[in-house]
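Structure first, commentary second.
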There are 6 protein chains.
Amino acid sequence: MIYQILHKLDQIMHIETAKAHCDIPCGIYDPIIAQIAALTTVRMIDLMKEFEGKNAERNMEYLNAMSRYVTVKEEHAERTKSEVRVIWGDYLKAQHLEKYPDTHALVHKIMQLGSKVRQTTDREQATQLVEAVNEFAQIFWETKGIATKRAKAPYAPALELVYPVL
Amino acid sequence: MIYQILHKLDQIMHIETAKAHCDIPCGIYDPIIAQIAALTTVRMIDLMKEFEGKNAERNMEYLNAMSRYVTVKEEHAERTKSEVRVIWGDYLKAQHLEKYPDTHALVHKIMQLGSKVRQTTDREQATQLVEAVNEFAQIFWETKGIATKRAKAPYAPALELVYPVL
Amino acid sequence: MIYQILHKLDQIMHIETAKAHCDIPCGIYDPIIAQIAALTTVRMIDLMKEFEGKNAERNMEYLNAMSRYVTVKEEHAERTKSEVRVIWGDYLKAQHLEKYPDTHALVHKIMQLGSKVRQTTDREQATQLVEAVNEFAQIFWETKGIATKRAKAPYAPALELVYPVL
Amino acid sequence: MIYQILHKLDQIMHIETAKAHCDIPCGIYDPIIAQIAALTTVRMIDLMKEFEGKNAERNMEYLNAMSRYVTVKEEHAERTKSEVRVIWGDYLKAQHLEKYPDTHALVHKIMQLGSKVRQTTDREQATQLVEAVNEFAQIFWETKGIATKRAKAPYAPALELVYPVL
Amino acid sequence: MIYQILHKLDQIMHIETAKAHCDIPCGIYDPIIAQIAALTTVRMIDLMKEFEGKNAERNMEYLNAMSRYVTVKEEHAERTKSEVRVIWGDYLKAQHLEKYPDTHALVHKIMQLGSKVRQTTDREQATQLVEAVNEFAQIFWETKGIATKRAKAPYAPALELVYPVL
Amino acid sequence: MIYQILHKLDQIMHIETAKAHCDIPCGIYDPIIAQIAALTTVRMIDLMKEFEGKNAERNMEYLNAMSRYVTVKEEHAERTKSEVRVIWGDYLKAQHLEKYPDTHALVHKIMQLGSKVRQTTDREQATQLVEAVNEFAQIFWETKGIATKRAKAPYAPALELVYPVL
């Protein structure tokens, strides 16, 4: 609560700086797209496990379902990486990086986790990816002077995501 | 035969209305692309069954062939949906929808069948998709005042498609 | 406020139905991606107007900037349509459509607005697209028994979007 | 007429050979997709000329429309080339090439025309592309023992296309 | 060595012709992209064999890894074909084809090998694809009057590639 | 020369470490694809300037050529960024980053330059992009223990690229 009030104050006082960030070439950046994509990779691994448990036979139905889950997992791990890269490369400037010096390492970690999620069906890696992207979203909203909260996503696997307080 | 003559008459008399449909932003709409794509999903299911019957072993050759069939099935089910959506959203106007009030429901059904064809390897769903797209093609050509005929496609699985009489 | 309480009650009482919607093939549907994309088309038109006002000369700088804005507008109008189509075709079932019988017409309208936004640089069409997608988001969240609110998007052009209350 | 009868005879007598071409890996080849794409490039050049005539001012509306036409022209010239390449590379085998020894040169010409259509707004090049693809379609259907006819396409610019007689 | 000197001489004497090839619409053609892509298909087959040997169970881990290898193999076989087609269709003109009359047949063979590499997991086909693309690269650099050498690629599977001497 | 000998020695002595980098999930990384893409952005700016100089009229021919150059510039700036991101995220591990601690900042700079090259037609930015990617290539080959050299690219605009000594 105090955190949110402080953020609101921060938001009011930094409005000018915040506007300065918004150079004309900037588009509309929102980490929620990366967060949903990361969450989807967890969901796919859950579906794969559930389906594997139910299907004893390794037939074309098995292959059809499984290879579709793999493809969706691939695409969303990739989208996670791609969306984070765009915000990092296009939005984050020297002044942000000074204030958040670990951002480079965090983004590199997201790239590595994204690849792990593609290479394996390890749910632990996928939830770590969600958490790392949450951390990135937290930094992003802070640079804009917008308070955040954590809430369960309104769809399976219902992990907590970082949302801006609007 | 009588049907075609009636259509020709219809075509002559509606020429002005027909021209009105063709607003400058309209591209070249032809449902045949969606029909070929739908047919391809049936073909892929046939190939999967044939290949499954021949290959006892679940090795890399099996996986290579099967996952390629799944991918092609995915892409063509998606293309079917995408092409139908474009004609529905960009070409069909209020005056067509009044005359063919069930088009919305038909398009929604095509979307659902397209997804079923992706989720399963059920040939019955895929042939229903072909038929639903045929129905859509029939409406499309009627709105243009062009007679249609049904003929077997000149490639496996040789299902009947609706073609314009040119 | 009363609206939200009613929704919460609705949410509690419909939890079983809500779960029933979530068939295993369903992915993670979230209209926010379509809403952000629609908002982006408004932003691009604003940037085009601003840039046009500043640049008297029709040189390669003008063309470089303008054709990039057009491309981004194209892509996001298309994404808006594509994301709405997926939720409509894959998530919305007979029981939803009975309760919201105008959804077909709304989705068709979104397709038409999406095309208008591509064909023109008319800001009015683009804001109508945002509003139509908001309306769609409203229906979507209601079918899931999740209350919604309207809030200004935290980036230019800061139009109001429909958000779920999480 | 005689041509068609001869073709029918040819078709009956070559049915076994025709089947031999259809190896299991072959998909569903149909040059109509390339033909429609080529036709679309002509249409785009027509729309560009029409629009240019109407718009004196070189403003954002001009640029929006024009760069969309260019993009559609690009995509369809590319699709023409891509579809022809697939049929040429995947379907046409040694026995066809012996019978139609100029096919390599024809395909190379289609690639060059396709590029010309991208690089210019020359309608003559685009109609030559349509004609070259018609020639390719003619060969394709002959290898399958299916008679062809020429008919005006049922949409602007209504050039003649080669169609199989089904 | 003598070969390189001859080439250098050839290069000096043909500089004018070489420049004539470089029409303004030409981009930057380099067969190395096709060569790397072809090499990657060999690598994927090696990884599939290695992984198959290690994994007895046909579970979701197996499917995840295998279907990713297949996808990468597909994409790179396709890129090989696509890159070669572009150089062949956009760069090679009548004067080159006269001097290298077998180029059409070579390109057609690359298309066929590329498809074989997609359809099978046969390493022999993939290495033949690499070699055919090397042959194409050789012709390409010769048309530009640039000497070539063969060297092992600096990454697995370390097959020999044709490189320009820069 | 001494540099190359030192590198060769370094290469011999580090062969074991070098192999350790090559984890089974690693593909075939080669910065040349990013380098060619960066070079292409310079070429496009040159072509735009040349074309602008020759065309007084702002007609559809102007727009056709210019918007194609812009699109190719966009795509290749994006490919540059994407290829560098993949090598950085998938290949470069903790041990490399310790040895080359400025890599994060260099990659971030490449992302920013890549965006500048998209947003402007400033040749200076594009040549800086080429140079930054060269620097990245230099680091990459060093981590593999492979010596490099600088040579003019064998196509316009013939800027120097970093090549491995094979």
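Letters for chains follow the order of the structure tokens (A, B, ...), residue numbers begin at 1 for each chain, and ligand numbers begin at 1 in the order shown.
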
>> Residues of chain B within 7 Å of chain D, counting only C-alpha atoms - could you list those as a PyMOL selection string?
In response: chain B and resi 28+33+40+151+155+166

>> Please return, as JSON, numbers by chain, all residues of chain D that DSSP assigns to strand (DSSP E) on the basis of the backbone.
In response: {"D": [148, 149, 150, 151, 152, 160, 161, 162, 163, 164]}

>> Between atom CA of F:Thr80 and atom CA of F:Gln35, what distance in Å does the model show, to one decimal?
In response: 7.1 Å

> What's the 7 Å shell around C:Val117, counting only C-alpha atoms, without same-chain residues fewer than 5 positions away, as an MDAnalysis selection string?
Replying inline: chainID C and resid 77 122 125:126

Keeping N, CA and C atoms, export the residues of the selection given above as a compact mmCIF listing (two decimals), in the first residue's frame.
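Once written, selection.txt looks like this:
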```txt
# COMPACT_ATOMS: atom_id res chain seq x y z
N ALA C 77 -3.61 -3.29 -37.66
CA ALA C 77 -5.02 -3.48 -38.03
C ALA C 77 -5.26 -4.96 -38.31
N ASP C 122 -7.93 7.79 -41.62
CA ASP C 122 -9.03 8.44 -40.92
C ASP C 122 -9.03 8.05 -39.44
N GLN C 125 -12.18 6.38 -37.85
CA GLN C 125 -12.36 4.93 -38.07
C GLN C 125 -11.52 4.13 -37.07
N ALA C 126 -10.32 4.61 -36.81
CA ALA C 126 -9.42 3.89 -35.92
C ALA C 126 -9.93 3.92 -34.48
```

With only C-alpha atoms as the counted atoms, please give the residues lying no more than 12 Å from F:Phe140, apart from itself and same-chain residues fewer than 6 positions off, as a PDB file with all heavy atoms, in the first residue's frame.
```pdb
ATOM      1  N   PRO E 154      33.775 -23.681 -40.283  1.00  0.00           N
ATOM      2  CA  PRO E 154      34.291 -23.636 -38.902  1.00  0.00           C
ATOM      3  C   PRO E 154      33.265 -24.058 -37.860  1.00  0.00           C
ATOM      4  O   PRO E 154      33.224 -23.483 -36.774  1.00  0.00           O
ATOM      5  CB  PRO E 154      34.684 -22.156 -38.764  1.00  0.00           C
ATOM      6  CG  PRO E 154      33.756 -21.426 -39.672  1.00  0.00           C
ATOM      7  CD  PRO E 154      33.452 -22.351 -40.809  1.00  0.00           C
TER       8      PRO E 154
ATOM      9  N   ALA F  18      36.984 -24.710 -26.665  1.00  0.00           N
ATOM     10  CA  ALA F  18      36.128 -24.380 -27.807  1.00  0.00           C
ATOM     11  C   ALA F  18      35.061 -25.449 -28.005  1.00  0.00           C
ATOM     12  O   ALA F  18      33.895 -25.156 -28.221  1.00  0.00           O
ATOM     13  CB  ALA F  18      36.959 -24.217 -29.066  1.00  0.00           C
ATOM     14  N   HIS F  21      32.102 -25.342 -25.685  1.00  0.00           N
ATOM     15  CA  HIS F  21      31.052 -24.351 -25.974  1.00  0.00           C
ATOM     16  C   HIS F  21      29.938 -24.966 -26.817  1.00  0.00           C
ATOM     17  O   HIS F  21      28.806 -24.539 -26.766  1.00  0.00           O
ATOM     18  CB  HIS F  21      31.610 -23.165 -26.764  1.00  0.00           C
ATOM     19  CG  HIS F  21      32.766 -22.500 -26.094  1.00  0.00           C
ATOM     20  ND1 HIS F  21      33.611 -21.664 -26.755  1.00  0.00           N
ATOM     21  CD2 HIS F  21      33.219 -22.549 -24.817  1.00  0.00           C
ATOM     22  CE1 HIS F  21      34.543 -21.234 -25.906  1.00  0.00           C
ATOM     23  NE2 HIS F  21      34.317 -21.761 -24.739  1.00  0.00           N
ATOM     24  N   TYR F  29      26.178 -21.221 -35.734  1.00  0.00           N
ATOM     25  CA  TYR F  29      26.174 -19.766 -35.631  1.00  0.00           C
ATOM     26  C   TYR F  29      27.202 -19.169 -36.574  1.00  0.00           C
ATOM     27  O   TYR F  29      28.341 -19.633 -36.613  1.00  0.00           O
ATOM     28  CB  TYR F  29      26.489 -19.331 -34.193  1.00  0.00           C
ATOM     29  CG  TYR F  29      25.539 -19.945 -33.200  1.00  0.00           C
ATOM     30  CD1 TYR F  29      25.979 -20.898 -32.286  1.00  0.00           C
ATOM     31  CD2 TYR F  29      24.201 -19.579 -33.185  1.00  0.00           C
ATOM     32  CE1 TYR F  29      25.099 -21.469 -31.386  1.00  0.00           C
ATOM     33  CE2 TYR F  29      23.308 -20.148 -32.290  1.00  0.00           C
ATOM     34  CZ  TYR F  29      23.775 -21.097 -31.387  1.00  0.00           C
ATOM     35  OH  TYR F  29      22.897 -21.667 -30.513  1.00  0.00           O
ATOM     36  N   ASP F  30      26.829 -18.145 -37.298  1.00  0.00           N
ATOM     37  CA  ASP F  30      27.784 -17.468 -38.166  1.00  0.00           C
ATOM     38  C   ASP F  30      27.351 -16.011 -38.323  1.00  0.00           C
ATOM     39  O   ASP F  30      26.303 -15.729 -38.907  1.00  0.00           O
ATOM     40  CB  ASP F  30      27.861 -18.160 -39.535  1.00  0.00           C
ATOM     41  CG  ASP F  30      29.099 -17.730 -40.324  1.00  0.00           C
ATOM     42  OD1 ASP F  30      29.531 -16.571 -40.165  1.00  0.00           O
ATOM     43  OD2 ASP F  30      29.632 -18.551 -41.081  1.00  0.00           O
ATOM     44  N   PRO F  31      28.164 -15.087 -37.795  1.00  0.00           N
ATOM     45  CA  PRO F  31      27.767 -13.671 -37.841  1.00  0.00           C
ATOM     46  C   PRO F  31      27.724 -13.092 -39.245  1.00  0.00           C
ATOM     47  O   PRO F  31      27.226 -11.982 -39.418  1.00  0.00           O
ATOM     48  CB  PRO F  31      28.843 -12.977 -36.993  1.00  0.00           C
ATOM     49  CG  PRO F  31      29.993 -13.911 -36.968  1.00  0.00           C
ATOM     50  CD  PRO F  31      29.428 -15.293 -37.082  1.00  0.00           C
ATOM     51  N   ILE F  32      28.200 -13.837 -40.257  1.00  0.00           N
ATOM     52  CA  ILE F  32      28.226 -13.284 -41.612  1.00  0.00           C
ATOM     53  C   ILE F  32      26.821 -12.904 -42.081  1.00  0.00           C
ATOM     54  O   ILE F  32      26.640 -11.948 -42.852  1.00  0.00           O
ATOM     55  CB  ILE F  32      28.893 -14.273 -42.610  1.00  0.00           C
ATOM     56  CG1 ILE F  32      29.180 -13.589 -43.954  1.00  0.00           C
ATOM     57  CG2 ILE F  32      28.056 -15.504 -42.849  1.00  0.00           C
ATOM     58  CD1 ILE F  32      30.223 -12.503 -43.899  1.00  0.00           C
ATOM     59  N   VAL F  84      21.982 -11.172 -34.445  1.00  0.00           N
ATOM     60  CA  VAL F  84      22.914 -10.869 -33.346  1.00  0.00           C
ATOM     61  C   VAL F  84      22.313 -11.316 -32.015  1.00  0.00           C
ATOM     62  O   VAL F  84      22.992 -11.900 -31.168  1.00  0.00           O
ATOM     63  CB  VAL F  84      23.245  -9.355 -33.317  1.00  0.00           C
ATOM     64  CG1 VAL F  84      23.960  -8.968 -32.034  1.00  0.00           C
ATOM     65  CG2 VAL F  84      24.104  -8.992 -34.533  1.00  0.00           C
ATOM     66  N   ILE F  87      22.749 -15.169 -31.547  1.00  0.00           N
ATOM     67  CA  ILE F  87      24.104 -15.584 -31.146  1.00  0.00           C
ATOM     68  C   ILE F  87      24.380 -15.158 -29.706  1.00  0.00           C
ATOM     69  O   ILE F  87      24.905 -15.924 -28.904  1.00  0.00           O
ATOM     70  CB  ILE F  87      25.163 -14.989 -32.108  1.00  0.00           C
ATOM     71  CG1 ILE F  87      24.932 -15.527 -33.533  1.00  0.00           C
ATOM     72  CG2 ILE F  87      26.586 -15.316 -31.635  1.00  0.00           C
ATOM     73  CD1 ILE F  87      25.915 -14.985 -34.571  1.00  0.00           C
ATOM     74  N   TRP F  88      23.992 -13.938 -29.384  1.00  0.00           N
ATOM     75  CA  TRP F  88      24.211 -13.413 -28.030  1.00  0.00           C
ATOM     76  C   TRP F  88      23.451 -14.244 -27.001  1.00  0.00           C
ATOM     77  O   TRP F  88      24.000 -14.653 -25.975  1.00  0.00           O
ATOM     78  CB  TRP F  88      23.741 -11.944 -27.992  1.00  0.00           C
ATOM     79  CG  TRP F  88      23.751 -11.283 -26.657  1.00  0.00           C
ATOM     80  CD1 TRP F  88      24.843 -11.034 -25.879  1.00  0.00           C
ATOM     81  CD2 TRP F  88      22.627 -10.757 -25.947  1.00  0.00           C
ATOM     82  NE1 TRP F  88      24.459 -10.383 -24.735  1.00  0.00           N
ATOM     83  CE2 TRP F  88      23.110 -10.200 -24.748  1.00  0.00           C
ATOM     84  CE3 TRP F  88      21.248 -10.692 -26.218  1.00  0.00           C
ATOM     85  CZ2 TRP F  88      22.258  -9.593 -23.814  1.00  0.00           C
ATOM     86  CZ3 TRP F  88      20.413 -10.086 -25.299  1.00  0.00           C
ATOM     87  CH2 TRP F  88      20.912  -9.550 -24.110  1.00  0.00           C
ATOM     88  N   TYR F  91      24.351 -18.544 -27.864  1.00  0.00           N
ATOM     89  CA  TYR F  91      25.725 -19.055 -27.915  1.00  0.00           C
ATOM     90  C   TYR F  91      26.590 -18.518 -26.779  1.00  0.00           C
ATOM     91  O   TYR F  91      27.346 -19.264 -26.161  1.00  0.00           O
ATOM     92  CB  TYR F  91      26.356 -18.722 -29.272  1.00  0.00           C
ATOM     93  CG  TYR F  91      27.842 -18.979 -29.298  1.00  0.00           C
ATOM     94  CD1 TYR F  91      28.335 -20.279 -29.382  1.00  0.00           C
ATOM     95  CD2 TYR F  91      28.754 -17.929 -29.194  1.00  0.00           C
ATOM     96  CE1 TYR F  91      29.702 -20.525 -29.372  1.00  0.00           C
ATOM     97  CE2 TYR F  91      30.123 -18.167 -29.183  1.00  0.00           C
ATOM     98  CZ  TYR F  91      30.590 -19.462 -29.268  1.00  0.00           C
ATOM     99  OH  TYR F  91      31.936 -19.702 -29.245  1.00  0.00           O
ATOM    100  N   LEU F  92      26.503 -17.212 -26.528  1.00  0.00           N
ATOM    101  CA  LEU F  92      27.416 -16.612 -25.551  1.00  0.00           C
ATOM    102  C   LEU F  92      27.023 -16.980 -24.121  1.00  0.00           C
ATOM    103  O   LEU F  92      25.926 -16.656 -23.662  1.00  0.00           O
ATOM    104  CB  LEU F  92      27.469 -15.094 -25.733  1.00  0.00           C
ATOM    105  CG  LEU F  92      28.215 -14.634 -27.000  1.00  0.00           C
ATOM    106  CD1 LEU F  92      28.008 -13.146 -27.226  1.00  0.00           C
ATOM    107  CD2 LEU F  92      29.700 -14.953 -26.943  1.00  0.00           C
ATOM    108  N   LYS F  93      27.933 -17.646 -23.433  1.00  0.00           N
ATOM    109  CA  LYS F  93      27.702 -18.115 -22.072  1.00  0.00           C
ATOM    110  C   LYS F  93      28.522 -17.300 -21.067  1.00  0.00           C
ATOM    111  O   LYS F  93      29.351 -16.474 -21.480  1.00  0.00           O
ATOM    112  CB  LYS F  93      28.095 -19.591 -21.959  1.00  0.00           C
ATOM    113  CG  LYS F  93      27.358 -20.523 -22.912  1.00  0.00           C
ATOM    114  CD  LYS F  93      25.895 -20.719 -22.513  1.00  0.00           C
ATOM    115  CE  LYS F  93      25.244 -21.793 -23.378  1.00  0.00           C
ATOM    116  NZ  LYS F  93      25.300 -21.520 -24.829  1.00  0.00           N
ATOM    117  N   HIS F  96      32.201 -16.635 -21.672  1.00  0.00           N
ATOM    118  CA  HIS F  96      32.546 -15.657 -22.715  1.00  0.00           C
ATOM    119  C   HIS F  96      32.335 -14.243 -22.200  1.00  0.00           C
ATOM    120  O   HIS F  96      33.138 -13.343 -22.468  1.00  0.00           O
ATOM    121  CB  HIS F  96      31.668 -15.821 -23.959  1.00  0.00           C
ATOM    122  CG  HIS F  96      31.629 -17.196 -24.516  1.00  0.00           C
ATOM    123  ND1 HIS F  96      30.462 -17.908 -24.648  1.00  0.00           N
ATOM    124  CD2 HIS F  96      32.615 -18.005 -24.972  1.00  0.00           C
ATOM    125  CE1 HIS F  96      30.731 -19.084 -25.181  1.00  0.00           C
ATOM    126  NE2 HIS F  96      32.027 -19.171 -25.382  1.00  0.00           N
ATOM    127  N   LEU F  97      31.245 -14.056 -21.478  1.00  0.00           N
ATOM    128  CA  LEU F  97      30.886 -12.714 -21.038  1.00  0.00           C
ATOM    129  C   LEU F  97      31.882 -12.181 -20.018  1.00  0.00           C
ATOM    130  O   LEU F  97      32.137 -10.984 -19.957  1.00  0.00           O
ATOM    131  CB  LEU F  97      29.460 -12.709 -20.490  1.00  0.00           C
ATOM    132  CG  LEU F  97      28.410 -13.041 -21.573  1.00  0.00           C
ATOM    133  CD1 LEU F  97      27.061 -13.340 -20.944  1.00  0.00           C
ATOM    134  CD2 LEU F  97      28.294 -11.909 -22.587  1.00  0.00           C
ATOM    135  N   LYS F  99      35.038 -12.845 -20.133  1.00  0.00           N
ATOM    136  CA  LYS F  99      36.218 -12.462 -20.923  1.00  0.00           C
ATOM    137  C   LYS F  99      35.950 -11.207 -21.757  1.00  0.00           C
ATOM    138  O   LYS F  99      36.856 -10.430 -22.037  1.00  0.00           O
ATOM    139  CB  LYS F  99      36.608 -13.635 -21.835  1.00  0.00           C
ATOM    140  CG  LYS F  99      38.096 -13.679 -22.153  1.00  0.00           C
ATOM    141  CD  LYS F  99      38.466 -14.951 -22.889  1.00  0.00           C
ATOM    142  CE  LYS F  99      39.822 -14.801 -23.583  1.00  0.00           C
ATOM    143  NZ  LYS F  99      40.094 -15.945 -24.471  1.00  0.00           N
ATOM    144  N   TYR F 100      34.704 -11.050 -22.186  1.00  0.00           N
ATOM    145  CA  TYR F 100      34.312  -9.887 -23.002  1.00  0.00           C
ATOM    146  C   TYR F 100      33.175  -9.150 -22.303  1.00  0.00           C
ATOM    147  O   TYR F 100      32.029  -9.203 -22.743  1.00  0.00           O
ATOM    148  CB  TYR F 100      33.885 -10.333 -24.401  1.00  0.00           C
ATOM    149  CG  TYR F 100      34.964 -11.098 -25.132  1.00  0.00           C
ATOM    150  CD1 TYR F 100      35.015 -12.483 -25.092  1.00  0.00           C
ATOM    151  CD2 TYR F 100      35.964 -10.417 -25.850  1.00  0.00           C
ATOM    152  CE1 TYR F 100      36.017 -13.178 -25.748  1.00  0.00           C
ATOM    153  CE2 TYR F 100      36.963 -11.111 -26.510  1.00  0.00           C
ATOM    154  CZ  TYR F 100      36.992 -12.493 -26.456  1.00  0.00           C
ATOM    155  OH  TYR F 100      37.981 -13.175 -27.100  1.00  0.00           O
ATOM    156  N   THR F 103      30.218  -6.980 -23.949  1.00  0.00           N
ATOM    157  CA  THR F 103      29.359  -7.542 -25.000  1.00  0.00           C
ATOM    158  C   THR F 103      27.904  -7.108 -24.836  1.00  0.00           C
ATOM    159  O   THR F 103      27.233  -6.776 -25.818  1.00  0.00           O
ATOM    160  CB  THR F 103      29.456  -9.079 -25.020  1.00  0.00           C
ATOM    161  OG1 THR F 103      30.832  -9.441 -25.021  1.00  0.00           O
ATOM    162  CG2 THR F 103      28.785  -9.651 -26.251  1.00  0.00           C
ATOM    163  N   VAL F 133      28.597  -4.515 -35.843  1.00  0.00           N
ATOM    164  CA  VAL F 133      28.411  -5.956 -36.076  1.00  0.00           C
ATOM    165  C   VAL F 133      29.758  -6.613 -36.375  1.00  0.00           C
ATOM    166  O   VAL F 133      30.014  -7.742 -35.963  1.00  0.00           O
ATOM    167  CB  VAL F 133      27.377  -6.216 -37.194  1.00  0.00           C
ATOM    168  CG1 VAL F 133      27.209  -7.707 -37.431  1.00  0.00           C
ATOM    169  CG2 VAL F 133      26.030  -5.605 -36.825  1.00  0.00           C
ATOM    170  N   ASN F 134      30.635  -5.903 -37.062  1.00  0.00           N
ATOM    171  CA  ASN F 134      32.003  -6.399 -37.245  1.00  0.00           C
ATOM    172  C   ASN F 134      32.678  -6.660 -35.895  1.00  0.00           C
ATOM    173  O   ASN F 134      33.332  -7.695 -35.715  1.00  0.00           O
ATOM    174  CB  ASN F 134      32.849  -5.364 -38.006  1.00  0.00           C
ATOM    175  CG  ASN F 134      32.781  -5.557 -39.517  1.00  0.00           C
ATOM    176  OD1 ASN F 134      32.478  -6.645 -39.997  1.00  0.00           O
ATOM    177  ND2 ASN F 134      33.065  -4.493 -40.259  1.00  0.00           N
ATOM    178  N   ILE F 146      39.264 -18.801 -33.499  1.00  0.00           N
ATOM    179  CA  ILE F 146      39.522 -18.737 -34.945  1.00  0.00           C
ATOM    180  C   ILE F 146      39.977 -17.321 -35.313  1.00  0.00           C
ATOM    181  O   ILE F 146      39.324 -16.331 -34.961  1.00  0.00           O
ATOM    182  CB  ILE F 146      38.245 -19.117 -35.734  1.00  0.00           C
ATOM    183  CG1 ILE F 146      37.946 -20.603 -35.521  1.00  0.00           C
ATOM    184  CG2 ILE F 146      38.400 -18.805 -37.219  1.00  0.00           C
ATOM    185  CD1 ILE F 146      36.656 -21.079 -36.132  1.00  0.00           C
ATOM    186  N   ALA F 147      41.103 -17.249 -35.992  1.00  0.00           N
ATOM    187  CA  ALA F 147      41.650 -15.950 -36.386  1.00  0.00           C
ATOM    188  C   ALA F 147      40.735 -15.257 -37.386  1.00  0.00           C
ATOM    189  O   ALA F 147      39.970 -15.911 -38.103  1.00  0.00           O
ATOM    190  CB  ALA F 147      43.026 -16.141 -37.008  1.00  0.00           C
ATOM    191  N   THR F 148      40.829 -13.947 -37.423  1.00  0.00           N
ATOM    192  CA  THR F 148      40.005 -13.187 -38.366  1.00  0.00           C
ATOM    193  C   THR F 148      40.876 -12.256 -39.202  1.00  0.00           C
ATOM    194  O   THR F 148      42.028 -11.999 -38.877  1.00  0.00           O
ATOM    195  CB  THR F 148      38.973 -12.316 -37.614  1.00  0.00           C
ATOM    196  OG1 THR F 148      39.689 -11.501 -36.689  1.00  0.00           O
ATOM    197  CG2 THR F 148      37.958 -13.163 -36.894  1.00  0.00           C
ATOM    198  N   VAL F 162      34.612  -8.216 -41.229  1.00  0.00           N
ATOM    199  CA  VAL F 162      35.488  -9.138 -40.512  1.00  0.00           C
ATOM    200  C   VAL F 162      35.152 -10.554 -40.956  1.00  0.00           C
ATOM    201  O   VAL F 162      33.984 -10.961 -40.885  1.00  0.00           O
ATOM    202  CB  VAL F 162      35.287  -8.991 -38.982  1.00  0.00           C
ATOM    203  CG1 VAL F 162      35.912 -10.157 -38.235  1.00  0.00           C
ATOM    204  CG2 VAL F 162      35.854  -7.660 -38.501  1.00  0.00           C
ATOM    205  N   TYR F 163      36.144 -11.273 -41.455  1.00  0.00           N
ATOM    206  CA  TYR F 163      35.948 -12.655 -41.903  1.00  0.00           C
ATOM    207  C   TYR F 163      36.836 -13.599 -41.092  1.00  0.00           C
ATOM    208  O   TYR F 163      37.947 -13.229 -40.721  1.00  0.00           O
ATOM    209  CB  TYR F 163      36.351 -12.812 -43.381  1.00  0.00           C
ATOM    210  CG  TYR F 163      35.448 -12.125 -44.367  1.00  0.00           C
ATOM    211  CD1 TYR F 163      35.768 -10.864 -44.871  1.00  0.00           C
ATOM    212  CD2 TYR F 163      34.287 -12.741 -44.823  1.00  0.00           C
ATOM    213  CE1 TYR F 163      34.949 -10.234 -45.802  1.00  0.00           C
ATOM    214  CE2 TYR F 163      33.467 -12.118 -45.753  1.00  0.00           C
ATOM    215  CZ  TYR F 163      33.795 -10.871 -46.244  1.00  0.00           C
ATOM    216  OH  TYR F 163      32.985 -10.257 -47.157  1.00  0.00           O
ATOM    217  N   PRO F 164      36.388 -14.824 -40.846  1.00  0.00           N
ATOM    218  CA  PRO F 164      37.270 -15.810 -40.220  1.00  0.00           C
ATOM    219  C   PRO F 164      38.330 -16.251 -41.232  1.00  0.00           C
ATOM    220  O   PRO F 164      38.058 -16.280 -42.434  1.00  0.00           O
ATOM    221  CB  PRO F 164      36.330 -16.966 -39.885  1.00  0.00           C
ATOM    222  CG  PRO F 164      35.233 -16.874 -40.901  1.00  0.00           C
ATOM    223  CD  PRO F 164      35.056 -15.398 -41.168  1.00  0.00           C
TER     224      PRO F 164
END
```

> What is the atom CA of A:Ser82-atom CA of B:Ser67 distance in Å, reported with one decimal?
Replying inline: 25.3 Å

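Put simply, atom CA of F:Glu52 is 7.1 Å away from atom CA of C:Met60.
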
> Which polymer residues have any atom within 8 Å of an atom of C:Arg123, counting only C-alpha atoms, with same-chain residues fewer than 2 positions away left out, as a PyMOL selection string?
Replying inline: chain C and resi 42+45-46+121+125-127

> How would you write, as a ChimeraX atom specification, the set of residues in chain E that DSSP gives as alpha helix (DSSP H)?
Replying inline: /E:2-13,15-21,32-54,60-86,94-99,103-119,123-143
